[in-house]
Structures are given as structure tokens and as C-alpha cells.
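Shown below: input_10.cif, with mmCIF, C-alpha atoms.
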data_entry
loop_
_atom_site.label_atom_id
_atom_site.label_comp_id
_atom_site.auth_asym_id
_atom_site.auth_seq_id
_atom_site.Cartn_x
_atom_site.Cartn_y
_atom_site.Cartn_z
CA MET D 2 -108.13 -87.72 28.82
CA ALA D 3 -108.18 -90.97 26.86
CA SER D 4 -111.63 -92.41 26.40
CA ARG D 5 -110.66 -95.82 27.80
CA SER D 6 -111.64 -96.35 31.43
CA TYR D 7 -110.82 -99.45 33.44
CA GLY D 8 -113.38 -98.66 36.11
CA GLN D 9 -110.98 -99.15 39.01
CA TYR D 10 -110.08 -96.71 41.79
CA CYS D 11 -106.30 -97.08 41.75
CA GLY D 12 -103.29 -94.89 41.05
CA VAL D 13 -101.85 -97.39 38.57
CA THR D 14 -105.19 -97.43 36.78
CA SER D 15 -105.22 -93.62 36.58
CA ALA D 16 -101.67 -93.62 35.19
CA VAL D 17 -102.51 -96.18 32.52
CA GLU D 18 -105.62 -94.24 31.56
CA LEU D 19 -103.51 -91.10 31.15
CA ILE D 20 -100.47 -92.44 29.27
CA GLY D 21 -101.28 -96.07 28.49
CA GLU D 22 -102.67 -95.56 25.01
CA ARG D 23 -100.46 -96.62 22.10
CA TRP D 24 -97.69 -94.09 21.31
CA ALA D 25 -98.39 -91.89 24.35
CA VAL D 26 -95.29 -92.89 26.31
CA LEU D 27 -93.08 -92.42 23.24
CA ILE D 28 -94.44 -88.90 22.80
CA VAL D 29 -93.57 -88.24 26.44
CA ARG D 30 -90.12 -89.78 25.88
CA ASP D 31 -89.34 -87.36 23.06
CA LEU D 32 -90.71 -84.36 24.96
CA LEU D 33 -88.43 -85.22 27.88
CA VAL D 34 -85.56 -84.27 25.56
CA GLY D 35 -87.11 -80.84 24.94
CA PRO D 36 -90.03 -78.97 23.35
CA ARG D 37 -91.03 -80.24 19.94
CA ARG D 38 -93.11 -78.95 17.07
CA TYR D 39 -95.78 -81.22 15.66
CA THR D 40 -93.57 -81.92 12.65
CA ASP D 41 -90.64 -82.78 14.94
CA LEU D 42 -92.74 -85.32 16.81
CA LYS D 43 -93.97 -86.84 13.54
CA GLN D 44 -90.40 -87.07 12.26
CA GLY D 45 -89.22 -88.69 15.49
CA LEU D 46 -92.07 -91.22 15.39
CA PRO D 47 -92.14 -92.03 11.66
CA LYS D 48 -94.63 -94.89 11.94
CA ILE D 49 -97.29 -93.02 13.91
CA PRO D 50 -100.40 -92.13 11.85
CA THR D 51 -101.00 -88.36 11.84
CA ASN D 52 -104.53 -88.74 13.23
CA ILE D 53 -103.21 -90.80 16.15
CA LEU D 54 -100.48 -88.25 16.90
CA SER D 55 -103.07 -85.45 16.95
CA THR D 56 -105.38 -87.49 19.17
CA ARG D 57 -102.65 -88.42 21.64
CA LEU D 58 -101.44 -84.83 21.90
CA LYS D 59 -104.98 -83.65 22.55
CA GLU D 60 -105.45 -86.32 25.25
CA LEU D 61 -102.14 -85.48 26.90
CA GLN D 62 -103.04 -81.79 26.91
CA GLU D 63 -106.46 -82.46 28.41
CA SER D 64 -104.86 -84.58 31.15
CA GLY D 65 -102.38 -81.83 32.06
CA VAL D 66 -99.30 -83.76 30.93
CA VAL D 67 -98.51 -81.64 27.86
CA ARG D 68 -99.13 -78.01 26.93
CA ARG D 69 -98.71 -76.02 23.73
CA VAL D 70 -96.69 -72.82 24.00
CA PRO D 71 -94.90 -70.33 21.73
CA LEU D 72 -91.12 -70.65 21.53
CA LEU D 73 -88.89 -67.94 20.10
CA HIS D 74 -87.90 -68.61 16.47
CA CYS D 75 -89.85 -71.89 16.46
CA GLY D 76 -93.52 -70.91 16.67
CA LEU D 77 -95.86 -73.14 18.65
CA VAL D 78 -94.34 -76.18 20.28
CA TYR D 79 -95.48 -78.95 22.59
CA GLU D 80 -93.74 -79.30 25.95
CA LEU D 81 -94.25 -81.25 29.14
CA THR D 82 -95.87 -79.53 32.08
CA ASP D 83 -94.33 -79.83 35.55
CA TYR D 84 -96.75 -82.72 36.08
CA GLY D 85 -95.59 -84.32 32.85
CA ARG D 86 -91.91 -83.97 33.73
CA MET D 87 -92.56 -86.02 36.85
CA LEU D 88 -92.68 -88.97 34.42
CA GLU D 89 -88.94 -88.73 33.72
CA PRO D 90 -87.70 -91.26 36.33
CA ILE D 91 -90.55 -93.57 35.35
CA VAL D 92 -89.68 -93.43 31.64
CA LEU D 93 -85.98 -93.95 32.41
CA ALA D 94 -86.83 -96.94 34.61
CA LEU D 95 -89.00 -98.37 31.80
CA GLY D 96 -86.06 -97.96 29.45
CA ARG D 97 -83.76 -99.88 31.77
CA TRP D 98 -86.38 -102.58 32.25
CA GLY D 99 -87.01 -102.89 28.50
CA PHE D 100 -83.29 -102.92 27.68
CA ARG D 101 -83.07 -106.57 28.71
CA ALA D 102 -85.62 -107.60 26.07
CA MET D 103 -84.36 -105.47 23.16
CA GLY D 104 -82.26 -108.07 21.35
CA ASP D 105 -80.88 -107.17 17.93
CA PRO D 106 -82.61 -104.45 15.87
CA GLY D 107 -85.05 -105.53 13.18
CA PRO D 108 -84.70 -104.39 9.55
CA ASP D 109 -87.42 -101.76 10.01
CA ASP D 110 -86.31 -100.51 13.43
CA VAL D 111 -85.08 -96.93 13.45
CA VAL D 112 -82.95 -94.90 15.83
CA THR D 113 -83.84 -91.24 16.24
CA ALA D 114 -81.91 -88.42 17.87
CA ASP D 115 -84.42 -88.28 20.73
CA SER D 116 -84.51 -92.04 21.30
CA LEU D 117 -80.70 -92.13 21.29
CA THR D 118 -80.55 -89.21 23.72
CA MET D 119 -82.94 -90.97 26.08
CA ALA D 120 -80.96 -94.22 25.73
CA LEU D 121 -77.88 -92.37 26.93
CA ARG D 122 -79.79 -90.85 29.82
CA THR D 123 -81.22 -94.28 30.66
CA SER D 124 -77.81 -95.94 30.80
CA PHE D 125 -75.97 -93.05 32.48
CA ARG D 126 -74.35 -94.15 35.74
CA THR D 127 -74.14 -91.11 37.95
CA ASP D 128 -71.99 -92.85 40.57
CA ALA D 129 -69.42 -94.02 38.03
CA ALA D 130 -69.33 -90.66 36.25
CA ALA D 131 -68.80 -88.78 39.51
CA SER D 132 -65.65 -90.79 40.20
CA LEU D 133 -64.13 -90.17 36.75
CA PRO D 134 -62.57 -87.09 35.14
CA PRO D 135 -64.81 -84.98 32.85
CA ALA D 136 -65.11 -86.15 29.25
CA ILE D 137 -66.70 -84.99 26.03
CA TYR D 138 -67.83 -87.39 23.31
CA GLU D 139 -69.20 -86.80 19.85
CA LEU D 140 -71.33 -89.78 18.89
CA HIS D 141 -72.34 -90.41 15.27
CA VAL D 142 -75.12 -92.91 14.50
CA GLY D 143 -76.14 -92.68 10.86
CA ASP D 144 -76.96 -89.03 10.19
CA ILE D 145 -77.43 -88.35 13.92
CA VAL D 146 -74.68 -86.52 15.76
CA LEU D 147 -74.85 -85.96 19.52
CA ARG D 148 -72.40 -84.03 21.68
CA VAL D 149 -72.25 -85.81 25.02
CA GLN D 150 -70.56 -84.05 27.92
CA VAL D 151 -70.03 -85.64 31.31
CA GLU D 152 -69.10 -83.32 34.17
CA GLY D 153 -68.89 -85.17 37.46
CA GLY D 154 -72.33 -86.70 38.00
CA ASP D 155 -73.98 -84.44 35.41
CA LEU D 156 -74.83 -85.38 31.83
CA TYR D 157 -75.42 -82.89 29.00
CA VAL D 158 -76.52 -84.11 25.57
CA THR D 159 -76.81 -81.70 22.64
CA GLN D 160 -78.10 -82.65 19.20
CA VAL D 161 -75.65 -81.41 16.56
CA ALA D 162 -77.30 -83.05 13.55
CA PRO D 163 -79.78 -83.26 12.01
CA ALA D 164 -80.17 -79.56 12.81
CA GLY D 165 -83.38 -77.60 13.12
CA ARG D 166 -85.08 -78.89 16.24
CA PRO D 167 -85.94 -76.44 19.03
CA VAL D 168 -83.86 -76.56 22.19
CA ASP D 169 -85.34 -76.57 25.67
CA PRO D 170 -84.79 -72.99 26.91
CA LEU D 171 -84.81 -74.19 30.52
CA ALA D 172 -82.22 -76.91 30.03
CA ARG D 173 -78.90 -76.43 31.79
CA ARG D 174 -75.99 -75.71 29.49
CA ALA D 175 -72.67 -77.46 29.86
CA PRO D 176 -69.54 -75.35 30.07
CA GLY D 177 -67.48 -75.16 26.89
CA GLY D 178 -64.65 -77.46 26.00
CA GLU D 179 -63.04 -79.41 23.20
CA THR D 180 -64.33 -82.79 22.12
CA GLY D 181 -62.24 -85.56 23.63
CA LEU D 182 -63.43 -88.44 21.43
CA VAL D 183 -65.38 -88.67 18.17
CA PHE D 184 -66.73 -92.11 17.31
CA ALA D 185 -69.31 -93.66 15.03
CA ALA D 186 -71.57 -96.56 15.97
CA GLY D 187 -74.65 -98.43 14.87
CA PRO D 188 -77.49 -99.94 16.90
CA GLY D 189 -74.99 -102.58 17.99
CA ILE D 190 -73.67 -100.04 20.50
CA ARG D 191 -76.18 -101.75 22.79
CA ARG D 192 -73.65 -104.59 23.11
CA LEU D 193 -71.06 -102.15 24.47
CA ILE D 194 -73.53 -100.59 26.91
CA SER D 195 -74.60 -104.04 28.14
CA GLY D 196 -71.00 -105.10 28.70
CA GLU D 197 -71.35 -107.92 26.18
CA LEU D 198 -68.41 -106.39 24.30
CA THR D 199 -65.40 -104.51 25.61
CA PRO D 200 -64.44 -101.34 23.72
CA GLY D 201 -61.61 -103.23 22.02
CA GLU D 202 -63.94 -106.03 20.96
CA ALA D 203 -66.52 -103.50 19.72
CA ILE D 204 -63.86 -101.96 17.48
CA ASP D 205 -62.60 -105.35 16.25
CA GLN D 206 -66.16 -106.43 15.41
CA GLU D 207 -66.88 -103.08 13.73
CA VAL D 208 -69.68 -102.23 16.13
CA LEU D 209 -68.07 -98.83 16.42
CA ALA D 210 -65.16 -96.91 14.94
CA VAL D 211 -63.01 -94.16 16.39
CA VAL D 212 -63.03 -91.14 14.08
CA ALA D 213 -60.82 -88.75 16.04
CA GLY D 214 -59.53 -88.07 19.51
CA ASP D 215 -58.36 -90.20 22.40
CA ALA D 216 -59.47 -93.82 21.84
CA THR D 217 -58.77 -94.68 25.48
CA LEU D 218 -61.84 -92.61 26.38
CA LEU D 219 -63.96 -95.50 25.09
CA ASP D 220 -63.19 -97.34 28.32
CA ARG D 221 -64.50 -94.35 30.27
CA PHE D 222 -67.59 -94.19 28.04
CA ALA D 223 -68.32 -97.88 28.66
CA ALA D 224 -67.97 -97.38 32.42
CA THR D 225 -70.20 -94.30 32.39
CA PHE D 226 -72.96 -95.67 30.15
CA HIS D 227 -73.82 -99.18 31.23
CA ILE D 228 -76.84 -101.39 31.88
CA ASP D 229 -76.31 -105.02 32.73
CA ASP D 230 -79.02 -107.67 32.98
CA ALA D 231 -79.14 -107.44 36.76
CA LEU D 232 -79.63 -103.66 36.66
CA ALA D 233 -82.16 -103.90 33.84
CA ALA D 234 -84.20 -106.39 35.86
CA ALA D 235 -83.90 -104.45 39.12
#
Have the structure of the file written as C-alpha cells, please.
Amino acid sequence: MASRSYGQYCGVTSAVELIGERWAVLIVRDLLVGPRRYTDLKQGLPKIPTNILSTRLKELQESGVVRRVPLLHCGLVYELTDYGRMLEPIVLALGRWGFRAMGDPGPDDVVTADSLTMALRTSFRTDAAASLPPAIYELHVGDIVLRVQVEGGDLYVTQVAPAGRPVDPLARRAPGGETGLVFAAGPGIRRLISGELTPGEAIDQEVLAVVAGDATLLDRFAATFHIDDALAAA
């Protein structure tokens, strides 16, 4: 457990003592995508000092949030315990709440495969997806490639590139199918998810570009992945 104690008998206090130290929630965020080796976590959090990463992982293990286990073909990895996975709706709610304050990316801000995956899960609208036909997207952001499959109210995100990260062996697999739309985007995709730009405007302003497939699926993507200010503040 982290050494900081607030000296108050309160559930919120206990939560902050467990995951309130700097970087801890971001480690949990990345582990919600799947098990990660130490090097994977360091790569996904490029600005974290190695001694801080080691310390946070030790604290999260001692608090029962994270455990270290062997994974076939990957060696030892860190994964969330059942207790740790209970943080998923909390982390997603934090992402929606923080979305309102994001603004434009700074010159040193990076997007990682795990942060992009969690952004999609944060903005996924189950109700809208359930009312739309299934769709498959291939999203390119820099050297990151994600395969995003929507089946009814279910979302499946698979990292295609960069390759080499372990996959959660317990994660549900989406049924096969051909990609319906391939498109490339930058951090400005936030403006599409927020509804600030329509898909047509996002293309005109070069926020994104259709690479292959059915461009009309962008409208479905925008309806399926959306956070407006009212929802972010809710």
C-alpha cells in the first residue's frame, strides 16, 4: 500500500490511498486493456521514471489491485486482480469527466495504443450501437493500428500494430469478418467524438482521412463513439 495516509475513516480516503499516487491510475488504465510486461507498461507511459513505475507496481500488488503471473509466450506479466478490474467503470467515468477539459493536444502529448483503446471504450455508446448494424473499423493513428468491431451493444478492440504486446487470454473474441472502413486520424479525432465536427467536416479539415472501404460508415462511427459536454459533465 502507498505510504501516504490521510488519517480518515472513509471509503473515498481508502480508494485515494490505494490508487491516488501519481501514475497509479494510468497503470490501471493500461492494465484494463490486458496483461502487460514491465517493458510494455514503460513503453505505454514513456514519461514515467523507472523507479516510480516499480514502486507503483509494488504498491498496487501489495494492495491486491495487481498481481504478477506467467503468460504463455510472454513470460511474467502484470494483470489486474478481480478487485482491480472493479475499477473499470470508475476509470471509464473518469475518462468521460476528463474529456471535457482535454482541449487540444500539447506538443509533447502522446497517444498510445492502450490510451486510444480506453478512449474508444470511454466514448462507446452501447445504446446507439445496439440499434445499428454491425460494423468493423480499422483506425490508424500514427504507427498505431486498432481493429474496432461493433456487434450490437458489444465492442471488441484489437491492437494490430505496433505488434508484440500480450493479449488478455480471458478477453472475449469477436467473430470474424471483413473490415468495413479503414481510416487514419490524429488526436483531433476528439473533435469528431465530441460532435464539434461532422464526419464530412472532419474530412474537409483533414482531421481524418478515409483510406479504404465504405466512407458512409463514418456517420455510424460518430454515432457509436460520442461524448458531448453534457455527458462528460454528468
Task: Selection near Arg97 of chain D, 12 Å with all atoms listed in the file, sequence-local residues under 2 positions removed, as a ChimeraX atom specification - done: /D:90-95,99-103,119-126,191,194-195,226-235
TODO: Please evaluate the PyMOL selection byres ((chain D and resi 155-169) around 7) against the structure above and give the resulting residues as a ChimeraX atom specification.
DONE: /D:35-37,41,75,118,144-154,170-172,175
Open item on the list: Given only C-alpha atoms as the basis, pick out the residue of D:Leu140, D:Ala25, D:Leu182, D:Leu42 nearest to Ser64 of chain D.
Closed with: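 With only C-alpha atoms as the atom set, the closest residue is D:Ala25.
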Task: Separation of atom CA of Val78 of chain D from atom CA of Arg5 of chain D in Å - done: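 Pair atom CA of Arg5 of chain D / atom CA of Val78 of chain D returns 26.6 Å.
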TODO: Between D:Ala223, D:Val29, D:Val183, D:Val67, single out the one closest to Thr199 of chain D, counting all atoms listed in the file.
DONE: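 Of D:Ala223, D:Val29, D:Val183, D:Val67, the one nearest Thr199 of chain D is D:Ala223, counting all atoms listed in the file.
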Task: Pairwise distance for atom CA of Thr82 of chain D and atom CA of Arg68 of chain D, rounded to one decimal in Å - done: 6.3 Å
- [ ] For the structure provided, state which residues fall under the PyMOL selection byres ((chain D and resi 44) around 12), and present them as a ChimeraX atom specification.
- [x] /D:28,31,37-43,45-51,54,111-116,163,165-166
Open item on the list: Please expand the PyMOL selection byres ((chain D and resi 188) around 10) into the concrete residues it hits in this file, giving the result as a PyMOL selection string.
Closed with: chain D and resi 105-106+110-112+117+142-143+186-187+189-192+208-209
Open item on the list: Report, in Å with one decimal, the straight-line distance from atom CA of Thr217 of chain D to atom CA of Tyr138 of chain D.
Closed with: 11.8 Å
Open item on the list: Under the rule that only C-alpha atoms are counted, which of D:Gly21, D:Gly76, D:Glu63, D:Phe222 is the nearest residue to Ala130 of chain D?
Closed with: D:Phe222
Open item on the list: Residues near Ile53 of chain D, anyone? I mean within 10 Å using all atoms listed in the file, not counting same-chain ones fewer than 4 positions away, as a list in words.
Closed with: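 The filter keeps Arg23, Trp24, Ala25, Ile49, Arg57, Leu58 and Lys59 of chain D.
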